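The file work.txt comes next; it holds compact mmCIF, C-alpha atoms.
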```txt
# COMPACT_ATOMS: atom_id res chain seq x y z
CA MET A 276 5.06 12.41 23.26
CA SER A 277 6.90 9.68 21.38
CA ASN A 278 6.93 9.49 17.61
CA LEU A 279 5.02 6.21 17.77
CA ILE A 280 2.14 7.67 19.77
CA LYS A 281 2.04 10.71 17.48
CA THR A 282 1.94 8.42 14.46
CA VAL A 283 -0.92 6.34 15.83
CA LEU A 284 -2.95 9.44 16.71
CA PHE A 285 -2.21 10.96 13.30
CA LEU A 286 -3.37 7.79 11.55
CA VAL A 287 -6.56 7.60 13.61
CA VAL A 288 -7.44 11.21 12.73
CA SER A 289 -6.44 10.60 9.10
CA ALA A 290 -8.66 7.50 8.91
CA PHE A 291 -11.60 9.46 10.31
CA LEU A 292 -11.13 12.30 7.84
CA THR A 293 -10.57 10.12 4.78
CA HIS A 294 -13.74 8.16 5.53
CA LEU A 295 -15.62 11.45 5.13
CA ILE A 296 -14.39 11.78 1.54
CA PRO A 297 -16.90 10.38 -0.99
CA PHE A 298 -15.74 7.19 -2.76
CA SER A 299 -12.57 6.98 -0.65
CA ASP A 300 -13.31 3.30 0.00
CA PHE A 301 -12.75 2.61 -3.68
CA PHE A 302 -9.07 3.53 -3.36
CA ARG A 303 -8.42 1.40 -0.28
CA ASN A 304 -8.00 -1.59 -2.57
CA LEU A 305 -4.69 -0.09 -3.68
CA ASP A 306 -3.09 -1.43 -0.51
CA THR A 307 -4.66 -4.85 -1.15
CA MET A 308 -3.33 -4.88 -4.69
CA ILE A 309 0.20 -4.06 -3.49
CA HIS A 310 -0.07 -6.69 -0.74
CA GLU A 311 -1.04 -9.46 -3.16
CA PHE A 312 1.42 -8.24 -5.78
CA GLY A 313 4.17 -8.67 -3.19
CA HIS A 314 3.13 -12.27 -2.62
CA ALA A 315 3.12 -12.92 -6.37
CA VAL A 316 6.54 -11.39 -7.07
CA VAL A 317 8.26 -13.33 -4.28
CA THR A 318 6.53 -16.53 -5.40
CA LEU A 319 7.92 -16.07 -8.90
CA ALA A 320 11.35 -15.12 -7.53
CA LEU A 321 11.42 -18.47 -5.69
CA SER A 322 10.50 -20.37 -8.87
CA GLY A 323 6.93 -20.89 -7.75
CA LYS A 324 3.83 -20.54 -9.89
CA VAL A 325 1.19 -17.85 -9.39
CA MET A 326 -2.13 -19.30 -10.44
CA TYR A 327 -4.20 -16.14 -9.97
CA ILE A 328 -5.08 -13.31 -7.59
CA GLU A 329 -8.52 -12.25 -6.43
CA LEU A 330 -9.31 -8.75 -5.17
CA TYR A 331 -12.63 -8.20 -3.41
CA ALA A 332 -14.83 -5.17 -2.85
CA ASN A 333 -14.38 -5.44 0.95
CA HIS A 334 -10.63 -4.64 0.53
CA SER A 335 -9.54 -8.22 1.07
CA GLY A 336 -7.63 -10.34 -1.41
CA VAL A 337 -5.97 -13.69 -1.90
CA THR A 338 -3.11 -15.04 -4.00
CA TYR A 339 -3.32 -18.64 -5.17
CA SER A 340 0.08 -20.13 -5.91
CA GLN A 341 2.05 -23.35 -6.11
CA VAL A 342 5.50 -23.78 -4.57
CA SER A 343 7.88 -26.71 -4.52
CA SER A 344 9.30 -26.13 -1.04
CA ARG A 345 7.35 -25.82 2.20
CA TRP A 346 9.96 -23.41 3.55
CA SER A 347 9.41 -21.03 0.65
CA LEU A 348 6.09 -20.21 2.32
CA ILE A 349 8.00 -18.14 4.86
CA PRO A 350 9.32 -15.38 2.55
CA ILE A 351 6.15 -15.53 0.46
CA SER A 352 3.93 -15.05 3.51
CA LEU A 353 6.18 -12.29 4.84
CA ALA A 354 6.09 -10.43 1.54
CA GLY A 355 2.47 -9.25 1.60
CA TYR A 356 2.37 -6.94 4.60
CA ALA A 357 6.03 -5.98 4.24
CA THR A 358 5.57 -4.91 0.62
CA ALA A 359 2.46 -2.89 1.48
CA SER A 360 4.23 -1.06 4.31
CA LEU A 361 7.32 -0.32 2.23
CA PHE A 362 5.20 0.87 -0.68
CA ALA A 363 3.36 3.32 1.56
CA LEU A 364 6.72 4.63 2.73
CA LEU A 365 7.87 4.90 -0.90
CA LEU A 366 4.86 7.06 -1.78
CA PHE A 367 5.75 9.58 0.91
CA ARG A 368 9.41 9.51 -0.05
CA LEU A 369 8.50 10.30 -3.65
CA ARG A 370 6.29 13.15 -2.47
CA SER A 371 9.13 14.54 -0.34
CA ARG A 372 11.18 14.67 -3.53
CA ASP A 373 8.40 16.33 -5.52
CA LYS A 374 7.83 13.23 -7.65
CA GLU A 375 4.11 12.68 -7.31
CA ARG A 376 3.77 12.15 -11.04
CA LEU A 377 6.28 9.30 -10.92
CA GLY A 378 4.43 7.79 -7.98
CA LEU A 379 1.16 7.78 -9.91
CA GLN A 380 2.91 6.22 -12.88
CA VAL A 381 4.30 3.46 -10.65
CA MET A 382 0.83 2.76 -9.18
CA THR A 383 -0.65 2.62 -12.67
CA LEU A 384 2.07 0.30 -13.95
CA LEU A 385 1.57 -2.11 -11.05
CA ALA A 386 -2.18 -2.06 -11.65
CA VAL A 387 -1.65 -2.86 -15.34
CA LEU A 388 0.73 -5.72 -14.50
CA SER A 389 -1.74 -7.08 -11.94
CA LEU A 390 -4.55 -6.93 -14.48
CA VAL A 391 -2.59 -8.59 -17.27
CA LEU A 392 -0.70 -11.21 -15.28
CA PHE A 393 -2.55 -12.10 -12.10
CA VAL A 394 -6.06 -10.89 -11.26
CA ARG A 395 -8.88 -13.01 -12.66
CA ASN A 396 -12.04 -12.44 -10.60
CA PRO A 397 -14.67 -9.99 -11.97
CA ALA A 398 -14.60 -7.66 -8.95
CA GLY A 399 -10.81 -7.37 -9.09
CA ILE A 400 -10.74 -6.84 -12.85
CA SER A 401 -13.42 -4.13 -12.65
CA TRP A 402 -11.57 -2.32 -9.87
CA LEU A 403 -8.24 -2.43 -11.70
CA ILE A 404 -9.73 -1.12 -14.95
CA GLY A 405 -11.45 1.73 -13.11
CA PHE A 406 -8.31 2.60 -11.14
CA ILE A 407 -6.12 2.56 -14.25
CA ILE A 408 -8.52 4.74 -16.24
CA LEU A 409 -8.83 7.27 -13.42
CA ASN A 410 -5.05 7.45 -12.99
CA VAL A 411 -4.51 7.98 -16.72
CA ILE A 412 -7.08 10.80 -16.71
CA VAL A 413 -5.42 12.47 -13.70
CA LEU A 414 -1.96 12.14 -15.26
CA ALA A 415 -3.15 13.43 -18.63
CA ILE A 416 -5.45 16.35 -17.91
CA ALA A 417 -5.64 17.17 -14.20
CA PRO A 418 -4.03 20.44 -13.08
CA ARG A 419 -0.97 20.12 -10.87
CA TRP A 420 -2.78 21.02 -7.63
CA LEU A 421 -5.53 18.44 -8.23
CA ARG A 422 -3.04 15.73 -9.20
CA ASP A 423 -1.04 16.33 -6.03
CA LEU A 424 -4.17 16.21 -3.84
CA TYR A 425 -5.22 12.98 -5.53
CA TYR A 426 -1.76 11.54 -4.92
CA LEU A 427 -1.81 12.60 -1.27
CA LEU A 428 -5.20 10.93 -0.78
CA LEU A 429 -3.86 7.68 -2.24
CA ALA A 430 -0.70 7.90 -0.13
CA PHE A 431 -2.61 8.38 3.13
CA LEU A 432 -5.17 5.70 2.35
CA THR A 433 -2.38 3.26 1.56
CA LEU A 434 -0.53 4.19 4.74
CA GLU A 435 -3.67 3.75 6.85
CA GLU A 436 -4.47 0.36 5.36
CA SER A 437 -0.86 -0.81 5.69
CA VAL A 438 -1.07 -0.22 9.47
CA PHE A 439 -4.67 -1.10 10.29
CA GLY A 440 -4.46 -4.32 8.28
CA PRO A 441 -1.81 -5.88 10.55
CA LEU A 442 -3.57 -4.48 13.61
CA SER A 443 -6.76 -6.27 12.67
CA LEU A 444 -4.69 -9.39 12.03
CA ILE A 445 -3.73 -9.40 15.73
CA MET A 446 -7.41 -9.66 16.66
CA TYR A 447 -7.98 -12.45 14.16
CA ALA A 448 -4.93 -14.33 15.44
CA TRP A 449 -6.11 -13.91 19.04
CA ASN A 450 -9.65 -15.13 18.38
CA ASP A 451 -8.86 -17.87 15.86
CA PRO A 452 -5.17 -18.50 15.04
CA MET A 453 -6.15 -20.74 12.11
CA ARG A 454 -7.95 -17.91 10.32
CA ALA A 455 -5.31 -15.19 10.53
CA GLY A 456 -4.18 -15.26 6.90
CA ASP A 457 -0.44 -14.80 6.42
CA ALA A 458 0.18 -15.11 10.16
CA SER A 459 -1.51 -18.53 10.15
CA ASN A 460 0.57 -19.64 7.17
CA LEU A 461 3.75 -18.63 8.98
CA SER A 462 2.78 -20.32 12.23
CA ALA A 463 2.18 -23.56 10.30
CA VAL A 464 5.81 -23.74 9.12
CA THR A 465 7.59 -22.11 12.08
CA PRO A 466 7.54 -22.60 15.86
CA PHE A 467 6.09 -19.12 16.41
CA PRO A 468 2.34 -18.58 16.97
CA ALA A 469 0.16 -16.63 14.57
CA ILE A 470 -0.29 -13.75 17.01
CA GLY A 471 3.50 -13.35 17.23
CA TRP A 472 3.72 -12.93 13.47
CA ALA A 473 0.77 -10.52 13.50
CA VAL A 474 2.54 -8.39 16.11
CA LEU A 475 5.71 -8.44 14.02
CA PHE A 476 3.80 -7.26 10.94
CA THR A 477 2.24 -4.47 13.01
CA VAL A 478 5.56 -3.31 14.48
CA PHE A 479 7.12 -3.16 11.01
CA SER A 480 4.14 -1.27 9.58
CA LEU A 481 4.32 1.28 12.41
CA TRP A 482 8.06 1.73 11.85
CA CYS A 483 7.37 2.50 8.19
CA ALA A 484 4.49 4.80 9.16
CA VAL A 485 6.68 6.81 11.55
CA LYS A 486 9.22 7.36 8.78
CA ALA A 487 6.50 8.19 6.24
CA LEU A 488 4.90 10.83 8.47
CA LYS A 489 8.29 12.38 9.20
CA LEU A 490 8.75 12.80 5.46
CA PHE A 491 5.27 14.29 5.14
CA LEU A 492 5.75 16.80 7.95
CA ARG A 493 9.18 17.73 6.66
CA GLY A 494 7.72 18.83 3.33
CA ARG A 495 9.18 18.67 -0.15
CA SER A 496 12.95 18.73 -0.49
CA SER A 497 12.91 21.22 -3.36
CA HIS A 498 11.03 23.70 -1.17
CA ARG A 499 13.39 23.25 1.73
CA GLU A 500 16.46 23.74 -0.39
CA GLY A 501 15.01 26.79 -2.04
CA LYS A 502 15.91 25.52 -5.51
CA PRO A 503 13.06 26.16 -7.92
CA ARG A 504 12.74 23.55 -10.62
CA ILE A 505 12.15 24.68 -14.18
CA GLN A 506 9.59 21.98 -14.86
CA GLN A 507 7.37 23.38 -12.10
CA GLN A 508 6.94 26.57 -14.04
CA PHE A 509 5.43 24.73 -16.99
CA GLU A 510 3.22 22.14 -15.29
CA ARG A 511 -0.49 22.62 -15.49
```
Let me see whether you can do it: turn the structure in this file into structure tokens.
Amino acid sequence: MSNLIKTVLFLVVSAFLTHLIPFSDFFRNLDTMIHEFGHAVVTLALSGKVMYIELYANHSGVTYSQVSSRWSLIPISLAGYATASLFALLLFRLRSRDKERLGLQVMTLLAVLSLVLFVRNPAGISWLIGFIILNVIVLAIAPRWLRDLYYLLLAFLTLEESVFGPLSLIMYAWNDPMRAGDASNLSAVTPFPAIGWAVLFTVFSLWCAVKALKLFLRGRSSHREGKPRIQQQFER
């Protein structure tokens, strides 16, 4: 069985299991936050202006921005799904290196930056505040085993959303190419149709997912190398 098929089956089972966990839907907005944050950062990098971001309870989001060049829409539109997929891969890479605490700190920092700089709608602000507070509590007082389980839940939810988001985009692009979000934006400034861009997003997300699951199944590097770390002996 190919790695791709294994990855898809793993993600389907993972999605089923995570939906059984109470309040897991709350954390699915993490992928949305990263997606929109990617749009915002690339917009600023191209000298554009980010007006504001909205995050919604249904795990969707939108970034409102102004750009001076029509062609700058290409990297900006590409950034959302690409950033989300790469971030999911980063979470598993950090776990493989026994750096879950750093991963949680990165998530919290990005949430704080999103809250201060970009997000302005009530639902998005409420979610960010709740997510930040929960992360701070976990980082401050949770025992090591609970913190690592919490991190793993966030990593898998982010990975699932980073793959199923582009997959659903294919259906949107097939049924109504004008309402396929980033894929529609790209088709408007390039000769390629929206469904082509949606497929490209999906292929890239699956490539990242294959690598992420390889890291997960391989386990932590410190365990493989048999080199105990002093800090592990003192963590709660």
Using all atoms listed in the file, tabulate the residues of segment 376-449 of chain A lying at most 9 Å from any atom of segment 477-483 of chain A, each with its closest atom pair and that distance in Å to one decimal, by chain and increasing residue number, as a tab-separated table.
```
residue	atom	partner	partner_atom	distance
A:Leu434	CA	A:Ser480	CA	8.7
A:Ser437	CA	A:Ser480	CA	6.4
A:Val438	CA	A:Ser480	CA	5.3
A:Phe439	CA	A:Thr477	CA	8.2
A:Gly440	CA	A:Thr477	CA	8.2
A:Pro441	CA	A:Thr477	CA	4.9
A:Leu442	CA	A:Thr477	CA	5.8
A:Leu444	CA	A:Thr477	CA	8.6
A:Ile445	CA	A:Thr477	CA	8.2
```
Inset, instruction - Skip segment 418-430 of chain A itself and residues of its chain fewer than 4 positions away, then list as a ChimeraX atom specification all residues within 7 Å of it, counting all atoms listed in the file. - result: /A:302,363,366-367,375,379,413,434,510-511
Inset, instruction - With a distance cut-off of 7 Å and only C-alpha atoms, select the neighbouring residues of Val337 of chain A, excluding the residue or stretch itself and same-chain residues fewer than 6 positions from it, and output the selection as a PyMOL selection string. - result: chain A and resi 311+328-330
May I have the residues from that selection written out with C-alpha atoms, as a JSON list (two decimals), in the frame of the given file?
```json
[["chain", "number", "residue", "atom", "x", "y", "z"],
["A", 311, "GLU", "CA", -1.04, -9.46, -3.16],
["A", 328, "ILE", "CA", -5.08, -13.31, -7.59],
["A", 329, "GLU", "CA", -8.52, -12.25, -6.43],
["A", 330, "LEU", "CA", -9.31, -8.75, -5.17]]
```
Inset, instruction - Could you tell me which of A:Trp449, A:Phe362, A:Phe491, A:Phe467 comes closest to Thr433 of chain A if we count only C-alpha atoms? - result: A:Phe362
Under the rule of at most 12 Å, produce a per-residue listing of segment 298-375 of chain A near segment 394-408 of chain A: chain, number, name, the closest pair of atoms, and the distance in Å, as a Markdown table, using only C-alpha atoms.
```
| residue | atom | partner | partner_atom | distance |
| --- | --- | --- | --- | --- |
| A:Asp300 | CA | A:Trp402 | CA | 11.5 |
| A:Phe301 | CA | A:Trp402 | CA | 8.0 |
| A:Phe302 | CA | A:Phe406 | CA | 7.9 |
| A:Arg303 | CA | A:Trp402 | CA | 10.8 |
| A:Asn304 | CA | A:Trp402 | CA | 8.2 |
| A:Leu305 | CA | A:Phe406 | CA | 8.7 |
| A:Thr307 | CA | A:Gly399 | CA | 10.4 |
| A:Met308 | CA | A:Leu403 | CA | 8.9 |
| A:Ile309 | CA | A:Leu403 | CA | 11.9 |
| A:Glu311 | CA | A:Val394 | CA | 9.6 |
| A:Phe312 | CA | A:Val394 | CA | 9.6 |
| A:Ala315 | CA | A:Val394 | CA | 10.6 |
| A:Val325 | CA | A:Val394 | CA | 10.2 |
| A:Met326 | CA | A:Val394 | CA | 9.3 |
| A:Tyr327 | CA | A:Val394 | CA | 5.7 |
| A:Ile328 | CA | A:Val394 | CA | 4.5 |
| A:Glu329 | CA | A:Asn396 | CA | 5.5 |
| A:Leu330 | CA | A:Gly399 | CA | 4.4 |
| A:Tyr331 | CA | A:Ala398 | CA | 5.9 |
| A:Ala332 | CA | A:Ala398 | CA | 6.6 |
| A:Asn333 | CA | A:Ala398 | CA | 10.1 |
| A:His334 | CA | A:Gly399 | CA | 10.0 |
| A:Ser335 | CA | A:Gly399 | CA | 10.3 |
| A:Gly336 | CA | A:Gly399 | CA | 8.8 |
| A:Val337 | CA | A:Val394 | CA | 9.8 |
| A:Thr338 | CA | A:Val394 | CA | 8.9 |
| A:Tyr339 | CA | A:Val394 | CA | 10.2 |
```
Inset, instruction - Quick one: pull the distance between atom CA of Ile470 of chain A and atom CA of Ala448 of chain A, Å, one decimal. - result: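 Going from atom CA of Ile470 of chain A over to atom CA of Ala448 of chain A covers 4.9 Å.
For the atom pair formed by atom CA of Ser299 of chain A and atom CA of Leu392 of chain A, the distance is 26.2 Å, given to one decimal.
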Inset, instruction - Kindly give the distance, in Å, that separates atom CA of Ser322 of chain A and atom CA of Ser343 of chain A, rounded to a single decimal. - result: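 The value is 8.1 Å.
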Legend entry - Closest of A:Met382, A:Lys486, A:Phe393, A:Gln341 to Leu409 of chain A - atom-to-atom distances counting only C-alpha atoms: A:Met382
Legend entry - Minimum-distance residue to Gly313 of chain A, chosen among A:Ala357, A:Leu295, A:Ala290, A:Val342 (using only C-alpha atoms): A:Ala357
Inset, instruction - Tell me which of A:Asp457, A:Arg376, A:Arg368, A:Ser277 sits closest to Pro350 of chain A, counting all atoms listed in the file. - result: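 Closest to Pro350 of chain A, using all atoms listed in the file: A:Asp457.
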Legend entry - Residue nearest Ile296 of chain A - candidates A:Leu321, A:Leu432, A:Leu492, A:Leu385, atoms counted: only C-alpha atoms: A:Leu432
Legend entry - Minimum-distance residue to Leu377 of chain A, chosen among A:Val474, A:Leu414, A:Ala455, A:Leu364 (using only C-alpha atoms): A:Leu414
